[in-house]
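Structure data follow from start.cif (mmCIF, C-alpha atoms):
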```
data_query
loop_
_atom_site.label_atom_id
_atom_site.label_comp_id
_atom_site.auth_asym_id
_atom_site.auth_seq_id
_atom_site.Cartn_x
_atom_site.Cartn_y
_atom_site.Cartn_z
CA MET X 1 22.66 -20.28 100.83
CA ASP X 2 23.45 -18.80 97.45
CA GLN X 3 23.75 -20.80 94.25
CA ASN X 4 27.39 -19.69 93.99
CA ASP X 5 28.34 -20.85 97.48
CA ASN X 6 30.88 -23.61 97.88
CA ILE X 7 29.62 -27.04 98.88
CA THR X 8 30.96 -28.92 101.87
CA ARG X 9 31.83 -32.59 101.98
CA GLU X 10 28.86 -33.31 104.26
CA GLN X 11 26.50 -31.41 101.96
CA ILE X 12 27.51 -33.43 98.90
CA ALA X 13 27.06 -36.62 100.96
CA VAL X 14 23.48 -35.59 101.82
CA ILE X 15 22.71 -34.65 98.21
CA LEU X 16 23.93 -37.98 96.88
CA GLN X 17 22.20 -39.97 99.62
CA ASN X 18 18.91 -38.18 98.91
CA TYR X 19 19.29 -38.84 95.19
CA ALA X 20 20.04 -42.52 95.78
CA GLN X 21 16.96 -42.80 98.01
CA PHE X 22 14.88 -41.00 95.36
CA ARG X 23 15.98 -43.66 92.89
CA GLY X 24 14.78 -46.34 95.30
CA GLU X 25 18.22 -47.50 96.36
CA ASN X 26 19.05 -48.62 99.87
CA ALA X 27 21.10 -45.62 100.93
CA PHE X 28 21.06 -45.80 104.68
CA GLY X 29 23.86 -45.50 107.18
CA GLY X 30 26.61 -47.89 107.85
CA THR X 31 29.67 -47.36 109.93
CA PHE X 32 32.80 -45.43 109.15
CA ALA X 33 35.50 -47.46 107.47
CA MET X 34 37.97 -46.23 110.08
CA ASP X 35 38.13 -43.95 113.10
CA PHE X 36 38.33 -40.30 112.21
CA ALA X 37 39.49 -37.80 114.83
CA ASP X 38 37.01 -35.21 113.55
CA ALA X 39 33.94 -37.46 113.24
CA ASP X 40 32.30 -35.59 116.10
CA SER X 41 32.34 -32.40 114.00
CA ILE X 42 29.86 -33.83 111.49
CA SER X 43 26.58 -31.94 111.62
CA PRO X 44 23.77 -34.05 113.09
CA TRP X 45 21.70 -33.68 109.89
CA ALA X 46 24.58 -35.11 107.83
CA LEU X 47 25.81 -37.96 110.05
CA ASP X 48 23.84 -40.75 108.38
CA ALA X 49 24.80 -39.51 104.91
CA MET X 50 28.49 -39.22 105.80
CA GLU X 51 28.48 -42.73 107.26
CA TRP X 52 26.75 -44.01 104.13
CA ALA X 53 29.11 -42.16 101.78
CA ASN X 54 32.21 -43.34 103.65
CA THR X 55 31.00 -46.92 104.02
CA ASN X 56 30.37 -47.07 100.27
CA GLY X 57 33.73 -45.52 99.41
CA LEU X 58 32.29 -42.30 97.97
CA ILE X 59 33.92 -39.98 100.49
CA THR X 60 37.20 -41.00 102.01
CA GLY X 61 39.31 -39.25 104.60
CA ARG X 62 41.26 -36.15 103.69
CA THR X 63 44.05 -37.80 105.64
CA LEU X 64 44.26 -41.15 107.38
CA THR X 65 42.71 -39.63 110.51
CA THR X 66 40.51 -36.76 109.31
CA LEU X 67 37.30 -36.64 107.32
CA ALA X 68 36.91 -32.82 107.13
CA PRO X 69 33.10 -32.90 106.92
CA SER X 70 32.68 -29.12 106.91
CA GLY X 71 35.59 -28.59 104.54
CA THR X 72 34.89 -27.19 101.12
CA THR X 73 34.76 -29.86 98.44
CA THR X 74 37.35 -29.13 95.80
CA ARG X 75 36.60 -29.59 92.11
CA ALA X 76 38.84 -32.65 92.06
CA GLU X 77 37.11 -34.17 95.10
CA SER X 78 33.68 -33.47 93.61
CA ALA X 79 34.65 -35.19 90.38
CA ALA X 80 36.07 -38.21 92.23
CA ILE X 81 33.02 -38.49 94.50
CA LEU X 82 30.62 -38.28 91.56
CA GLN X 83 32.63 -40.80 89.55
CA ARG X 84 32.59 -43.25 92.47
CA PHE X 85 28.83 -42.71 92.87
CA ILE X 86 28.17 -43.38 89.18
CA GLU X 87 30.44 -46.41 89.00
CA ALA X 88 28.79 -47.94 92.07
CA ARG X 89 25.45 -48.04 90.28
#
```
Encoded form using structure tokens:
Amino acid sequence: MDQNDNITREQIAVILQNYAQFRGENAFGGTFAMDFADADSISPWALDAMEWANTNGLITGRTLTTLAPSGTTTRAESAAILQRFIEAR
């Protein structure tokens, strides 16, 4: 991975979960807020973080039925995810 590579939605979920745990916060799991047709495409190493991020409203579905875990996070999505993370603290 190069420093200029794009970041996926599941990668940003793992980064934020790790940071929350580093800060001593309870940042473990949960269950998805709704059923997503592509939930089975989440990488095993990111499943807990994606569940945590979705349960806490940080990462929502791209549509009503898709989460797009391996999709590239847009600048707008990154800003919204980070804002939600900060405001939840």
- Message: What's around X:Leu58 at 9 Å? Count all atoms listed in the file, leave out sequence neighbours fewer than 5 positions away in its own chain, and write the answer as a PyMOL selection string.
- Response: chain X and resi 13+52-53+80-85+88
- Message: I'd like the neighbourhood of stretch 32-42 of chain X as a PyMOL selection string, where a residue qualifies if any of its atoms comes within 12 Å (using all atoms listed in the file), though same-chain residues fewer than 5 positions away should be ignored.
- Response: chain X and resi 8-11+13-14+47-71
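The space between atom CA of X:Thr74 and atom CA of X:Ile12 spans 11.2 Å.
From atom CA of X:Arg89 back to atom CA of X:Ala20, the distance works out to 9.5 Å.
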- How far is it from atom CA of X:Gly29 to atom CA of X:Ile15, in Å with one decimal? 14.1 Å
- Counting all atoms listed in the file, the residue among X:Leu16, X:Asn4, X:Glu25, X:Trp45 that lies closest to X:Ser78 is X:Leu16
Working from the structure I just supplied, which lacks atoms in stretch 33-69 of chain X, can you model N, CA and C atoms there and output them as a PDB file, in the frame of the given file?
```pdb
ATOM      1  N   ALA X  33      34.504 -46.454 107.822  1.00  0.00           N
ATOM      2  CA  ALA X  33      35.500 -47.460 107.470  1.00  0.00           C
ATOM      3  C   ALA X  33      36.670 -47.455 108.441  1.00  0.00           C
ATOM      4  N   MET X  34      36.908 -46.333 109.088  1.00  0.00           N
ATOM      5  CA  MET X  34      37.970 -46.230 110.080  1.00  0.00           C
ATOM      6  C   MET X  34      37.620 -45.118 111.057  1.00  0.00           C
ATOM      7  N   ASP X  35      38.378 -45.013 112.128  1.00  0.00           N
ATOM      8  CA  ASP X  35      38.130 -43.950 113.100  1.00  0.00           C
ATOM      9  C   ASP X  35      38.703 -42.645 112.598  1.00  0.00           C
ATOM     10  N   PHE X  36      37.897 -41.625 112.607  1.00  0.00           N
ATOM     11  CA  PHE X  36      38.330 -40.300 112.210  1.00  0.00           C
ATOM     12  C   PHE X  36      38.292 -39.384 113.427  1.00  0.00           C
ATOM     13  N   ALA X  37      39.373 -38.663 113.659  1.00  0.00           N
ATOM     14  CA  ALA X  37      39.490 -37.800 114.830  1.00  0.00           C
ATOM     15  C   ALA X  37      38.445 -36.682 114.818  1.00  0.00           C
ATOM     16  N   ASP X  38      37.965 -36.307 113.649  1.00  0.00           N
ATOM     17  CA  ASP X  38      37.010 -35.210 113.550  1.00  0.00           C
ATOM     18  C   ASP X  38      35.574 -35.674 113.276  1.00  0.00           C
ATOM     19  N   ALA X  39      35.292 -36.934 113.495  1.00  0.00           N
ATOM     20  CA  ALA X  39      33.940 -37.460 113.240  1.00  0.00           C
ATOM     21  C   ALA X  39      32.880 -36.758 114.073  1.00  0.00           C
ATOM     22  N   ASP X  40      33.267 -36.281 115.251  1.00  0.00           N
ATOM     23  CA  ASP X  40      32.300 -35.590 116.100  1.00  0.00           C
ATOM     24  C   ASP X  40      31.962 -34.192 115.591  1.00  0.00           C
ATOM     25  N   SER X  41      32.643 -33.715 114.560  1.00  0.00           N
ATOM     26  CA  SER X  41      32.340 -32.400 114.000  1.00  0.00           C
ATOM     27  C   SER X  41      31.346 -32.476 112.841  1.00  0.00           C
ATOM     28  N   ILE X  42      30.878 -33.669 112.535  1.00  0.00           N
ATOM     29  CA  ILE X  42      29.860 -33.830 111.490  1.00  0.00           C
ATOM     30  C   ILE X  42      28.539 -33.290 112.018  1.00  0.00           C
ATOM     31  N   SER X  43      27.885 -32.479 111.226  1.00  0.00           N
ATOM     32  CA  SER X  43      26.580 -31.940 111.620  1.00  0.00           C
ATOM     33  C   SER X  43      25.597 -33.079 111.813  1.00  0.00           C
ATOM     34  N   PRO X  44      24.729 -32.967 112.823  1.00  0.00           N
ATOM     35  CA  PRO X  44      23.770 -34.050 113.090  1.00  0.00           C
ATOM     36  C   PRO X  44      22.914 -34.410 111.862  1.00  0.00           C
ATOM     37  N   TRP X  45      22.544 -33.425 111.064  1.00  0.00           N
ATOM     38  CA  TRP X  45      21.700 -33.680 109.890  1.00  0.00           C
ATOM     39  C   TRP X  45      22.455 -34.408 108.779  1.00  0.00           C
ATOM     40  N   ALA X  46      23.780 -34.481 108.882  1.00  0.00           N
ATOM     41  CA  ALA X  46      24.580 -35.110 107.830  1.00  0.00           C
ATOM     42  C   ALA X  46      25.237 -36.413 108.271  1.00  0.00           C
ATOM     43  N   LEU X  47      25.087 -36.796 109.529  1.00  0.00           N
ATOM     44  CA  LEU X  47      25.810 -37.960 110.050  1.00  0.00           C
ATOM     45  C   LEU X  47      25.482 -39.234 109.289  1.00  0.00           C
ATOM     46  N   ASP X  48      24.225 -39.529 109.087  1.00  0.00           N
ATOM     47  CA  ASP X  48      23.840 -40.750 108.380  1.00  0.00           C
ATOM     48  C   ASP X  48      24.399 -40.747 106.954  1.00  0.00           C
ATOM     49  N   ALA X  49      24.307 -39.608 106.290  1.00  0.00           N
ATOM     50  CA  ALA X  49      24.800 -39.510 104.910  1.00  0.00           C
ATOM     51  C   ALA X  49      26.316 -39.664 104.852  1.00  0.00           C
ATOM     52  N   MET X  50      27.032 -39.081 105.789  1.00  0.00           N
ATOM     53  CA  MET X  50      28.490 -39.220 105.800  1.00  0.00           C
ATOM     54  C   MET X  50      28.897 -40.659 106.082  1.00  0.00           C
ATOM     55  N   GLU X  51      28.198 -41.324 107.002  1.00  0.00           N
ATOM     56  CA  GLU X  51      28.480 -42.730 107.260  1.00  0.00           C
ATOM     57  C   GLU X  51      28.218 -43.562 106.012  1.00  0.00           C
ATOM     58  N   TRP X  52      27.103 -43.295 105.353  1.00  0.00           N
ATOM     59  CA  TRP X  52      26.750 -44.010 104.130  1.00  0.00           C
ATOM     60  C   TRP X  52      27.795 -43.772 103.035  1.00  0.00           C
ATOM     61  N   ALA X  53      28.159 -42.502 102.831  1.00  0.00           N
ATOM     62  CA  ALA X  53      29.110 -42.160 101.780  1.00  0.00           C
ATOM     63  C   ALA X  53      30.488 -42.753 102.058  1.00  0.00           C
ATOM     64  N   ASN X  54      30.901 -42.769 103.312  1.00  0.00           N
ATOM     65  CA  ASN X  54      32.210 -43.340 103.650  1.00  0.00           C
ATOM     66  C   ASN X  54      32.175 -44.859 103.560  1.00  0.00           C
ATOM     67  N   THR X  55      31.133 -45.470 104.067  1.00  0.00           N
ATOM     68  CA  THR X  55      31.000 -46.920 104.020  1.00  0.00           C
ATOM     69  C   THR X  55      31.031 -47.434 102.583  1.00  0.00           C
ATOM     70  N   ASN X  56      30.435 -46.664 101.674  1.00  0.00           N
ATOM     71  CA  ASN X  56      30.370 -47.070 100.270  1.00  0.00           C
ATOM     72  C   ASN X  56      31.527 -46.536  99.436  1.00  0.00           C
ATOM     73  N   GLY X  57      32.527 -45.950 100.095  1.00  0.00           N
ATOM     74  CA  GLY X  57      33.730 -45.520  99.410  1.00  0.00           C
ATOM     75  C   GLY X  57      33.587 -44.254  98.584  1.00  0.00           C
ATOM     76  N   LEU X  58      32.478 -43.527  98.742  1.00  0.00           N
ATOM     77  CA  LEU X  58      32.290 -42.300  97.970  1.00  0.00           C
ATOM     78  C   LEU X  58      33.133 -41.164  98.509  1.00  0.00           C
ATOM     79  N   ILE X  59      33.140 -41.016  99.826  1.00  0.00           N
ATOM     80  CA  ILE X  59      33.920 -39.980 100.490  1.00  0.00           C
ATOM     81  C   ILE X  59      34.893 -40.649 101.432  1.00  0.00           C
ATOM     82  N   THR X  60      36.156 -40.429 101.160  1.00  0.00           N
ATOM     83  CA  THR X  60      37.200 -41.000 102.010  1.00  0.00           C
ATOM     84  C   THR X  60      37.782 -39.886 102.868  1.00  0.00           C
ATOM     85  N   GLY X  61      38.681 -40.249 103.740  1.00  0.00           N
ATOM     86  CA  GLY X  61      39.310 -39.250 104.600  1.00  0.00           C
ATOM     87  C   GLY X  61      40.206 -38.322 103.815  1.00  0.00           C
ATOM     88  N   ARG X  62      40.291 -37.090 104.287  1.00  0.00           N
ATOM     89  CA  ARG X  62      41.260 -36.150 103.690  1.00  0.00           C
ATOM     90  C   ARG X  62      42.669 -36.606 104.021  1.00  0.00           C
ATOM     91  N   THR X  63      42.804 -37.167 105.222  1.00  0.00           N
ATOM     92  CA  THR X  63      44.050 -37.800 105.640  1.00  0.00           C
ATOM     93  C   THR X  63      43.653 -39.142 106.226  1.00  0.00           C
ATOM     94  N   LEU X  64      44.584 -39.861 106.767  1.00  0.00           N
ATOM     95  CA  LEU X  64      44.260 -41.150 107.380  1.00  0.00           C
ATOM     96  C   LEU X  64      43.401 -40.992 108.627  1.00  0.00           C
ATOM     97  N   THR X  65      43.430 -39.807 109.251  1.00  0.00           N
ATOM     98  CA  THR X  65      42.710 -39.630 110.510  1.00  0.00           C
ATOM     99  C   THR X  65      41.662 -38.529 110.487  1.00  0.00           C
ATOM    100  N   THR X  66      41.510 -37.828 109.361  1.00  0.00           N
ATOM    101  CA  THR X  66      40.510 -36.760 109.310  1.00  0.00           C
ATOM    102  C   THR X  66      39.585 -36.913 108.117  1.00  0.00           C
ATOM    103  N   LEU X  67      38.335 -36.564 108.343  1.00  0.00           N
ATOM    104  CA  LEU X  67      37.300 -36.640 107.320  1.00  0.00           C
ATOM    105  C   LEU X  67      36.971 -35.265 106.745  1.00  0.00           C
ATOM    106  N   ALA X  68      37.176 -34.208 107.533  1.00  0.00           N
ATOM    107  CA  ALA X  68      36.910 -32.820 107.130  1.00  0.00           C
ATOM    108  C   ALA X  68      35.489 -32.633 106.602  1.00  0.00           C
ATOM    109  N   PRO X  69      34.476 -32.965 107.407  1.00  0.00           N
ATOM    110  CA  PRO X  69      33.100 -32.900 106.920  1.00  0.00           C
ATOM    111  C   PRO X  69      32.635 -31.499 106.540  1.00  0.00           C
TER     112      PRO X  69
END
```
